[in-house]
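Containing mmCIF, C-alpha atoms: query.cif.
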data_upload
#
loop_
_atom_site.label_atom_id
_atom_site.label_comp_id
_atom_site.auth_asym_id
_atom_site.auth_seq_id
_atom_site.Cartn_x
_atom_site.Cartn_y
_atom_site.Cartn_z
CA MET T 39 82.12 79.78 64.35
CA LEU T 40 83.06 77.20 66.99
CA LEU T 41 84.94 79.81 69.06
CA GLY T 42 82.01 82.21 68.80
CA GLU T 43 79.62 79.49 69.91
CA THR T 44 81.89 78.63 72.87
CA ILE T 45 82.01 82.28 73.95
CA GLY T 46 78.22 82.53 73.60
CA VAL T 47 77.68 79.45 75.79
CA ALA T 48 80.11 80.80 78.42
CA LEU T 49 78.45 84.22 78.57
CA GLY T 50 75.03 82.59 78.68
CA ALA T 51 76.07 80.58 81.72
CA LEU T 52 77.19 83.78 83.48
CA ARG T 53 73.95 85.58 82.61
CA ALA T 54 71.94 82.70 84.00
CA ASN T 55 73.50 83.33 87.45
CA LYS T 56 73.86 87.11 87.56
CA LEU T 57 73.99 87.53 91.35
CA ARG T 58 76.50 84.72 91.80
CA SER T 59 78.64 86.11 88.97
CA PHE T 60 78.63 89.59 90.56
CA LEU T 61 79.52 88.30 94.02
CA THR T 62 82.26 86.14 92.49
CA MET T 63 83.98 89.07 90.79
CA LEU T 64 83.51 91.42 93.79
CA GLY T 65 86.92 90.48 95.18
CA VAL T 66 88.57 91.49 91.89
CA VAL T 67 86.59 94.75 91.78
CA ILE T 68 87.69 95.70 95.31
CA GLY T 69 91.29 94.62 94.67
CA VAL T 70 91.73 96.57 91.44
CA GLY T 71 89.95 99.62 92.86
CA ALA T 72 92.05 99.56 96.04
CA VAL T 73 95.34 99.25 94.13
CA ILE T 74 94.52 102.19 91.85
CA THR T 75 93.33 104.38 94.75
CA VAL T 76 96.34 103.61 96.96
CA VAL T 77 98.83 104.25 94.15
CA ALA T 78 97.03 107.53 93.30
CA LEU T 79 97.28 108.63 96.95
CA GLY T 80 100.95 107.59 97.15
CA ARG T 81 101.92 109.38 93.94
CA GLY T 82 99.94 112.44 94.99
CA ALA T 83 101.71 112.54 98.35
CA GLN T 84 105.09 112.11 96.67
CA GLN T 85 104.35 114.91 94.20
CA SER T 86 103.22 117.16 97.06
CA VAL T 87 106.38 116.49 99.08
CA ASN T 88 108.56 117.08 96.03
CA ALA T 89 106.81 120.37 95.26
CA ARG T 90 107.08 121.62 98.82
CA ILE T 91 110.74 120.78 99.25
CA SER T 92 111.62 121.98 95.74
CA ALA T 93 109.96 125.28 96.66
CA LEU T 94 112.64 125.67 99.33
CA GLY T 95 115.35 125.21 96.68
CA THR T 96 117.32 122.06 95.90
CA THR T 97 120.62 123.96 96.33
CA LEU T 98 119.75 125.00 99.89
CA LEU T 99 122.01 123.72 102.67
CA THR T 100 121.04 124.16 106.31
CA VAL T 101 123.59 124.27 109.10
CA ASN T 102 122.34 123.46 112.61
CA PRO T 103 124.10 123.32 115.97
CA GLY T 104 125.20 119.79 116.80
CA GLN T 105 125.98 117.81 119.91
CA ILE T 106 128.79 119.01 122.16
CA PHE T 107 131.50 116.39 122.64
CA ALA T 108 133.84 116.36 125.61
CA PRO T 109 137.52 115.35 125.22
CA GLY T 110 137.71 111.73 124.17
CA GLY T 111 134.59 111.95 121.97
CA VAL T 112 132.05 111.58 124.80
CA ALA T 113 128.73 113.41 124.25
CA SER T 114 127.94 115.87 127.05
CA GLY T 115 124.30 115.14 127.80
CA GLY T 116 121.64 117.08 125.92
CA ASP T 117 123.72 120.24 125.42
CA ARG T 118 123.88 121.68 121.94
CA ALA T 119 126.80 123.55 120.46
CA VAL T 120 126.60 127.31 119.95
CA MET T 121 126.48 128.93 116.54
CA LYS T 122 126.93 132.68 116.47
CA VAL T 123 126.49 135.54 114.02
CA SER T 124 130.27 135.52 113.58
CA ASP T 125 130.00 131.99 112.12
CA ALA T 126 127.64 133.27 109.42
CA ARG T 127 130.00 136.16 108.62
CA ALA T 128 132.88 133.71 108.26
CA LEU T 129 130.84 131.60 105.82
CA ASP T 130 130.24 134.69 103.66
CA SER T 131 133.87 134.49 102.53
CA ALA T 132 134.31 130.70 102.82
CA GLY T 133 134.55 130.01 99.07
CA SER T 134 133.16 130.50 95.59
CA ALA T 135 130.79 127.51 95.85
CA ILE T 136 128.69 129.44 98.41
CA ALA T 137 126.32 131.89 96.71
CA ALA T 138 124.51 133.30 99.78
CA VAL T 139 124.49 132.94 103.57
CA GLU T 140 121.40 133.66 105.67
CA PRO T 141 121.66 133.39 109.50
CA GLU T 142 118.55 132.92 111.63
CA MET T 143 117.79 133.39 115.29
CA GLN T 144 114.34 132.36 116.44
CA LYS T 145 111.96 132.83 119.34
CA GLN T 146 108.26 132.33 120.01
CA LEU T 147 106.83 135.75 120.90
CA GLN T 148 103.47 137.47 121.16
CA VAL T 149 102.56 139.81 118.30
CA GLN T 150 99.92 142.40 119.23
CA TYR T 151 97.93 144.80 117.05
CA LEU T 152 95.44 147.06 118.82
CA ASN T 153 93.34 144.69 120.97
CA THR T 154 94.21 141.41 119.16
CA ASN T 155 97.28 139.26 119.53
CA THR T 156 98.79 135.97 118.39
CA ASN T 157 101.77 133.86 119.33
CA THR T 158 104.07 133.24 116.40
CA THR T 159 107.66 132.50 115.41
CA VAL T 160 109.83 135.61 115.24
CA LEU T 161 112.89 135.21 113.03
CA GLY T 162 115.86 137.53 113.20
CA THR T 163 117.42 137.27 109.75
CA THR T 164 119.07 139.14 106.90
CA PRO T 165 117.49 140.80 103.83
CA ASN T 166 118.57 137.89 101.58
CA TYR T 167 116.07 135.62 103.38
CA LEU T 168 113.76 135.89 100.36
CA GLU T 169 116.49 134.71 97.99
CA VAL T 170 117.75 131.84 100.14
CA ARG T 171 114.35 130.54 101.30
CA LYS T 172 112.52 131.18 98.00
CA TYR T 173 109.90 133.58 99.37
CA SER T 174 108.32 136.58 97.68
CA ILE T 175 106.63 139.75 98.92
CA ALA T 176 102.84 140.05 98.50
CA GLN T 177 102.40 143.49 100.10
CA GLY T 178 104.93 146.23 100.85
CA LYS T 179 108.66 145.47 100.79
CA MET T 180 111.47 143.58 102.52
CA PHE T 181 113.77 145.37 104.98
CA THR T 182 117.16 146.42 103.61
CA GLU T 183 120.83 146.17 104.61
CA GLY T 184 120.53 149.74 105.90
CA ASP T 185 117.63 148.73 108.16
CA ASP T 186 119.75 145.84 109.44
CA ARG T 187 122.86 147.95 110.11
CA ALA T 188 120.79 150.60 111.89
CA SER T 189 118.90 147.99 113.97
CA ARG T 190 115.60 149.53 112.90
CA ARG T 191 112.41 148.11 114.35
CA VAL T 192 110.73 147.05 111.13
CA ALA T 193 108.95 143.75 110.48
CA VAL T 194 107.76 141.64 107.57
CA LEU T 195 104.80 139.38 108.43
CA GLY T 196 104.12 135.86 107.18
CA ALA T 197 100.96 135.35 105.14
CA THR T 198 98.87 133.88 108.00
CA VAL T 199 99.83 136.42 110.67
CA PRO T 200 97.38 139.13 109.45
CA ASP T 201 94.63 136.49 109.40
CA ASN T 202 95.50 135.49 112.98
CA LEU T 203 95.26 139.15 113.97
CA GLY T 204 91.95 139.49 112.11
CA VAL T 205 93.21 142.30 109.86
CA PRO T 206 93.60 142.35 106.04
CA ALA T 207 97.26 142.14 104.98
CA ALA T 208 97.14 145.36 102.95
CA SER T 209 95.74 147.28 105.94
CA LEU T 210 98.64 146.23 108.21
CA VAL T 211 101.41 147.60 105.99
CA GLY T 212 102.57 150.89 107.51
CA GLN T 213 100.93 150.14 110.86
CA ASN T 214 102.69 149.50 114.18
CA VAL T 215 102.55 146.18 116.01
CA ARG T 216 104.10 145.07 119.28
CA ILE T 217 106.49 142.14 119.09
CA GLY T 218 107.53 140.87 122.50
CA GLY T 219 106.55 144.23 123.96
CA PHE T 220 108.58 146.30 121.45
CA LEU T 221 106.92 148.54 118.88
CA PHE T 222 107.65 147.60 115.25
CA GLU T 223 106.50 149.08 111.94
CA VAL T 224 105.08 146.55 109.48
CA ILE T 225 106.70 147.25 106.11
CA GLY T 226 105.65 144.12 104.21
CA VAL T 227 103.74 140.84 104.09
CA LEU T 228 105.10 137.65 102.53
CA ALA T 229 103.28 135.69 99.83
CA SER T 230 101.85 132.39 101.05
CA LYS T 231 103.90 129.24 100.65
CA GLY T 232 101.26 126.83 101.91
CA THR T 233 101.33 124.50 104.89
CA THR T 234 103.75 121.58 104.88
CA GLY T 235 101.95 119.11 107.16
CA GLY T 236 104.40 117.75 109.71
CA PHE T 237 107.03 120.33 108.75
CA GLY T 238 105.12 123.21 110.34
CA ASN T 239 103.51 126.27 108.77
CA PRO T 240 106.08 128.42 106.92
CA ASP T 241 103.54 131.25 106.67
CA ASP T 242 103.15 131.66 110.44
CA GLN T 243 106.23 133.79 111.16
CA VAL T 244 107.50 137.36 111.48
CA LEU T 245 110.83 138.52 110.03
CA ILE T 246 112.88 141.26 111.68
CA PRO T 247 116.47 142.43 111.00
CA ILE T 248 119.00 140.20 112.71
CA THR T 249 120.83 143.07 114.45
CA THR T 250 117.49 144.31 115.82
CA ALA T 251 116.78 140.81 117.12
CA GLN T 252 120.29 140.47 118.54
CA PHE T 253 120.54 143.79 120.40
CA ARG T 254 116.94 144.89 121.05
CA VAL T 255 114.65 141.84 121.27
CA PHE T 256 116.52 138.57 121.95
CA GLY T 257 119.60 139.97 123.68
CA SER T 258 121.75 137.17 122.26
CA ASP T 259 123.84 136.41 119.17
CA ARG T 260 123.10 132.69 119.29
CA LEU T 261 121.76 131.32 115.99
CA ARG T 262 119.19 128.60 115.53
CA GLN T 263 120.22 127.87 111.96
CA ILE T 264 122.23 129.12 109.02
CA GLY T 265 120.84 128.79 105.50
CA VAL T 266 123.49 128.49 102.81
CA LEU T 267 122.76 128.63 99.10
CA ALA T 268 125.17 126.65 96.94
CA ALA T 269 126.13 128.19 93.59
CA SER T 270 124.66 125.17 91.75
CA GLU T 271 123.60 121.57 92.40
CA ALA T 272 126.95 120.38 91.00
CA GLU T 273 128.82 122.48 93.58
CA ILE T 274 126.85 121.26 96.62
CA PRO T 275 129.63 118.83 97.74
CA THR T 276 132.21 121.62 97.41
CA ALA T 277 130.00 124.04 99.34
CA MET T 278 129.51 121.47 102.11
CA ALA T 279 133.29 120.95 102.35
CA GLN T 280 133.89 124.72 102.52
CA ILE T 281 131.24 125.07 105.27
CA GLN T 282 132.76 122.23 107.28
CA ARG T 283 136.31 123.60 106.96
CA THR T 284 135.28 127.14 107.91
CA LEU T 285 133.14 126.21 110.92
CA ARG T 286 135.72 123.79 112.29
CA ARG T 287 138.24 126.62 112.14
CA GLU T 288 135.82 129.09 113.77
CA HIS T 289 134.96 126.61 116.54
CA ARG T 290 138.64 125.66 116.94
CA LEU T 291 138.01 121.95 116.66
CA ARG T 292 141.18 119.88 116.65
CA VAL T 293 141.83 116.96 114.32
CA GLY T 294 139.90 113.89 115.50
CA VAL T 295 137.22 115.89 117.33
CA PRO T 296 133.78 115.39 115.73
CA ASP T 297 131.92 118.33 114.17
CA ASP T 298 129.70 120.23 116.61
CA PHE T 299 127.35 121.20 113.77
CA GLN T 300 125.22 119.43 111.17
CA ILE T 301 125.04 120.22 107.46
CA ARG T 302 121.85 119.05 105.76
CA ASN T 303 121.52 118.77 102.02
CA GLN T 304 118.04 119.72 100.79
CA ALA T 305 118.41 117.59 97.65
CA ASP T 306 119.22 114.50 99.74
CA PHE T 307 116.26 115.26 101.99
CA LEU T 308 114.04 115.42 98.90
CA ASN T 309 115.32 112.06 97.62
CA THR T 310 114.92 110.39 101.03
CA LEU T 311 111.34 111.55 101.45
CA GLY T 312 110.53 110.52 97.89
CA GLU T 313 111.95 107.03 98.44
CA THR T 314 110.10 106.69 101.77
CA THR T 315 106.78 107.66 100.17
CA GLN T 316 107.43 105.23 97.32
CA ILE T 317 108.13 102.37 99.74
CA PHE T 318 104.87 103.03 101.59
CA THR T 319 103.02 103.14 98.27
CA PHE T 320 104.44 99.76 97.25
CA LEU T 321 103.64 98.32 100.68
CA LEU T 322 100.02 99.50 100.63
CA SER T 323 99.63 98.42 97.00
CA GLY T 324 100.87 94.96 97.94
CA ILE T 325 98.32 94.75 100.74
CA ALA T 326 95.58 95.88 98.35
CA ALA T 327 96.73 93.32 95.76
CA VAL T 328 96.09 90.53 98.29
CA SER T 329 92.37 91.07 97.74
CA LEU T 330 92.97 90.29 94.06
CA LEU T 331 94.38 86.92 95.06
CA VAL T 332 91.44 86.36 97.41
CA GLY T 333 89.12 87.26 94.55
CA GLY T 334 90.94 84.78 92.33
CA ILE T 335 90.52 82.01 94.88
CA GLY T 336 86.82 82.88 95.10
CA ILE T 337 86.52 82.60 91.33
CA MET T 338 88.23 79.20 91.34
CA ASN T 339 85.92 78.00 94.11
CA ILE T 340 82.77 79.13 92.29
CA MET T 341 84.00 77.67 88.99
CA LEU T 342 84.60 74.30 90.69
CA VAL T 343 81.06 74.46 92.06
CA SER T 344 79.82 75.34 88.58
CA VAL T 345 81.63 72.34 87.09
CA THR T 346 79.94 70.07 89.61
CA GLU T 347 76.51 71.62 88.96
CA ARG T 348 76.90 71.35 85.18
CA THR T 349 78.38 67.87 85.00
CA ARG T 350 75.40 66.52 83.05
CA GLU T 351 75.56 69.49 80.63
CA ILE T 352 79.25 68.77 80.03
CA GLY T 353 78.41 65.10 79.33
CA VAL T 354 75.74 66.12 76.78
CA ARG T 355 78.13 68.49 75.02
CA LYS T 356 80.83 65.83 74.84
CA ALA T 357 78.33 63.29 73.55
CA LEU T 358 77.42 65.73 70.77
CA GLY T 359 81.05 66.04 69.70
CA ALA T 360 82.58 68.78 71.91
CA THR T 361 86.30 68.18 72.44
CA ARG T 362 88.25 68.59 75.66
CA LEU T 363 89.63 71.86 74.27
CA ASN T 364 86.09 73.18 73.66
CA ILE T 365 85.04 72.42 77.25
CA MET T 366 88.25 73.84 78.68
CA MET T 367 87.91 77.04 76.60
CA GLN T 368 84.31 77.50 77.77
CA PHE T 369 85.23 77.50 81.46
CA LEU T 370 88.39 79.56 80.90
CA ILE T 371 86.33 82.19 79.06
CA GLU T 372 83.88 82.30 81.97
CA ALA T 373 86.70 82.86 84.48
CA LEU T 374 88.43 85.45 82.28
CA THR T 375 85.16 87.29 81.68
CA LEU T 376 84.50 87.53 85.41
CA CYS T 377 88.00 88.89 86.07
CA LEU T 378 88.14 91.29 83.12
CA LEU T 379 84.68 92.67 83.86
CA GLY T 380 85.63 92.96 87.52
CA GLY T 381 88.84 94.71 86.46
CA ILE T 382 86.95 97.29 84.37
CA ILE T 383 84.51 98.02 87.21
CA GLY T 384 87.45 98.15 89.65
CA ILE T 385 89.28 100.68 87.45
CA LEU T 386 86.21 102.93 87.36
CA LEU T 387 85.78 102.51 91.13
CA GLY T 388 89.46 103.30 91.84
CA ILE T 389 89.57 106.38 89.61
CA GLY T 390 86.26 107.60 91.01
CA THR T 391 87.44 107.13 94.61
CA ALA T 392 90.71 108.98 93.93
CA ILE T 393 88.86 111.92 92.38
CA LEU T 394 86.33 111.94 95.24
CA LEU T 395 89.09 111.99 97.88
CA ALA T 396 90.79 114.87 96.08
CA LYS T 397 87.61 116.95 95.94
CA VAL T 398 85.97 116.10 99.26
CA MET T 399 88.94 115.43 101.57
CA GLN T 400 91.32 117.79 99.74
CA TRP T 401 93.94 115.02 99.54
CA ASN T 402 96.55 115.11 96.81
CA THR T 403 95.98 112.28 94.34
CA LEU T 404 97.67 111.50 91.03
CA ILE T 405 96.17 108.69 88.95
CA SER T 406 98.87 106.54 87.38
CA PRO T 407 98.12 105.09 83.91
CA MET T 408 100.79 102.46 84.62
CA ALA T 409 99.01 101.38 87.82
CA VAL T 410 95.71 101.15 85.91
CA ALA T 411 97.31 99.00 83.20
CA ILE T 412 99.11 96.74 85.71
CA ALA T 413 95.97 96.26 87.84
CA PHE T 414 93.92 95.35 84.77
CA ALA T 415 96.58 92.96 83.46
CA PHE T 416 96.90 91.39 86.90
CA SER T 417 93.14 90.84 87.06
CA ALA T 418 93.30 89.05 83.69
CA ALA T 419 96.22 86.94 84.92
CA VAL T 420 94.25 86.04 88.07
CA GLY T 421 91.32 84.89 85.95
CA LEU T 422 93.56 82.81 83.71
CA PHE T 423 95.54 81.27 86.57
CA PHE T 424 92.62 80.41 88.83
CA GLY T 425 90.40 79.35 85.92
CA ILE T 426 92.78 76.72 84.57
CA TRP T 427 92.17 74.06 87.26
CA PRO T 428 88.32 74.12 87.08
CA ALA T 429 88.46 74.23 83.26
CA ARG T 430 90.90 71.32 83.16
CA ARG T 431 88.74 69.35 85.57
CA ALA T 432 85.65 69.97 83.42
CA SER T 433 87.42 68.95 80.22
CA ARG T 434 88.63 65.65 81.73
CA LEU T 435 85.17 64.45 82.77
CA ASP T 436 84.20 61.11 81.21
CA PRO T 437 81.06 61.66 79.06
CA ILE T 438 79.41 58.36 80.19
CA VAL T 439 79.92 59.21 83.88
CA ALA T 440 78.81 62.79 83.27
CA LEU T 441 75.58 61.72 81.59
CA ARG T 442 74.73 59.45 84.53
CA TYR T 443 75.40 62.26 87.06
CA GLU T 444 72.32 63.35 89.02
#

When written as structure tokens, how does the structure in this file appear?
Amino acid sequence: MLLGETIGVALGALRANKLRSFLTMLGVVIGVGAVITVVALGRGAQQSVNARISALGTTLLTVNPGQIFAPGGVASGGDRAVMKVSDARALDSAGSAIAAVEPEMQKQLQVQYLNTNTNTTVLGTTPNYLEVRKYSIAQGKMFTEGDDRASRRVAVLGATVPDNLGVPAASLVGQNVRIGGFLFEVIGVLASKGTTGGFGNPDDQVLIPITTAQFRVFGSDRLRQIGVLAASEAEIPTAMAQIQRTLRREHRLRVGVPDDFQIRNQADFLNTLGETTQIFTFLLSGIAAVSLLVGGIGIMNIMLVSVTERTREIGVRKALGATRLNIMMQFLIEALTLCLLGGIIGILLGIGTAILLAKVMQWNTLISPMAVAIAFAFSAAVGLFFGIWPARRASRLDPIVALRYE
């Protein structure tokens, strides 16, 4: 009964000053809401990055030309090493840990259909591009090994290229387009993979057979990149060692000379981006949590003012038999109520903001139940911590002095 009466008195004091109570807990509301929203944005971004990179395949290794080093290990300016089609052929038989090899040569060229045109990335590659890069065909078909050997002028368009040309994808299959001035037959259109933000648009490209690119369009056998598919995630280190050994032999690099190529592990790239996103999430959450502390300080300040205003009331209660524990519990309950109520409103605000950003701004958000629980618990801890000093001060007031207070 005594505890219930204490809670009733505390809640009555808060109801008597509704506006002040709301303004007091506003810092907690903003803090909890900000933490939940920021964590939802961070987790959504991390999930999006993971999905996009996983779509490329976690067993994918990419080999890029590296820096050229002169004798003695000195880098020769901005020159890059040369990777050729012969390097990709050598990797085909480099070892059992390598499941597939896909060379790429690239150039920005104009693609023209009737009276419309667009500038896009033209990739000279092999028919196993779909397997290595995890693409699929939406319309038509992929070119074959026979098309590659015969250097046929056939092309497979990325999903956004027909849109850029203002023509439906299905209507372009079987039609002729000009790529860099050469006439090509469109035999297929790739399924969309979606944009990847800072990583470029993987749908804005045109695929042609690598021999056609080498002998008819680019006039060069220089590769931009080689995609290598490891047999499994467990065999990635073995595949990387086989690639390094084979390319060093092909490039005739002596012992002690650095590699003139770079091997990138897609799984490591995924982990690095995930860790980076997580660090930024923690950083922003920490900044948002500062407002919780500010809100706690505001609560302590208002509770101290309340103690001063209600000194006479405290004296009357003590004179009627209220103990120090009763007085302390009353003010602690007031502080906790402000923080817990602020926490509940903040949770609703944070979840609502995250959903709104996802629908209106099309941002990826993922609400974390753990973040909601931690934010709510932290708001309760703030109320308890910052409510102790005012409550202790109220409970230690001398009843005679308090009754005389004007």

### Task
Would you write out, as a list of chain:residue names, every residue that the PyMOL selection byres ((chain T and resi 323) around 8) captures in this file?
T:Ala72, T:Val73, T:Val76, T:Val77, T:Thr319, T:Phe320, T:Leu321, T:Leu322, T:Gly324, T:Ile325, T:Ala326, T:Ala327

### Message
Considering only C-alpha atoms, can you say which of T:Asn55, T:Gln252, T:Ser258, T:Asn303 comes closest to Pro275 of chain T?
### Response
T:Asn303

### Using all atoms listed in the file: which of T:Val70, T:Leu374, T:Val101, T:Ile217 has the shortest distance to Val328 of chain T
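Ranking T:Val70, T:Leu374, T:Val101, T:Ile217 by distance to Val328 of chain T, first place goes to T:Val70.
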
### Query
For the atom pair atom CA of Val332 of chain T and atom CA of Ser417 of chain T, what is the interatomic distance in Å to one decimal place?
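Taking atom CA of Val332 of chain T as the start and atom CA of Ser417 of chain T as the end point, the length is 11.4 Å.
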
### Message
Take the PyMOL selection byres ((chain T and resi 281) around 9), run it mentally on this structure, and tell me the resulting residues as an NGL selection string.
### Response
:T and (101 or 129 or 132-133 or 136 or 266 or 276-280 or 282-286 or 301)

### Query
Which of these residues is nearest to Ser189 of chain T, using all atoms listed in the file: T:Pro247, T:Gln148, T:Ala54, T:Thr156?
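Among the listed residues, T:Pro247 lies closest to Ser189 of chain T.
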
### Query
When the PyMOL selection byres ((chain T and resi 100) around 12) is applied to the file above, which residues end up in the set, as an MDAnalysis selection string?
chainID T and resid 94:99 101:103 126 138:142 170:171 262:268 274 277:278 281:282 299:307

### Task
Would you kindly return, as a list in words, each protein, DNA or RNA residue with an atom no farther than 7 Å from any atom of Ile365 of chain T, considering all atoms listed in the file and excluding same-chain residues fewer than 4 positions away?
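Answer for this query is Ala360, Thr361, Phe369, Ala432 and Ser433 of chain T.
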
Restricting the output to C-alpha atoms, write the selected residues as a JSON list (two decimals), in the coordinates of the input.
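What ended up in selection-v4.json:
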[["chain", "number", "residue", "atom", "x", "y", "z"],
["T", 360, "ALA", "CA", 82.58, 68.78, 71.91],
["T", 361, "THR", "CA", 86.30, 68.18, 72.44],
["T", 369, "PHE", "CA", 85.23, 77.50, 81.46],
["T", 432, "ALA", "CA", 85.65, 69.97, 83.42],
["T", 433, "SER", "CA", 87.42, 68.95, 80.22]]

### Message
I need the residue nearest Gly162 of chain T from this list: T:Leu210, T:Ile246, T:Leu395, T:Cys377. Use only C-alpha atoms for the distance.
### Response
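So, comparing all the options, the nearest one is T:Ile246.
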
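Relative to atom CA of Thr391 of chain T, atom CA of Glu372 of chain T is found at 28.1 Å.
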
### Atomic separation - atom CA of Pro200 of chain T relative to atom CA of Gly219 of chain T, Å
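Rounded to one decimal, the two atoms are 17.9 Å apart.
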
### Task
Go through T:Ile352, T:Ile389, T:Leu342, T:Met180 one by one, measure the shortest atom-to-atom distance of each to Ile426 of chain T using all atoms listed in the file, and give the residue with the smallest value.
T:Leu342
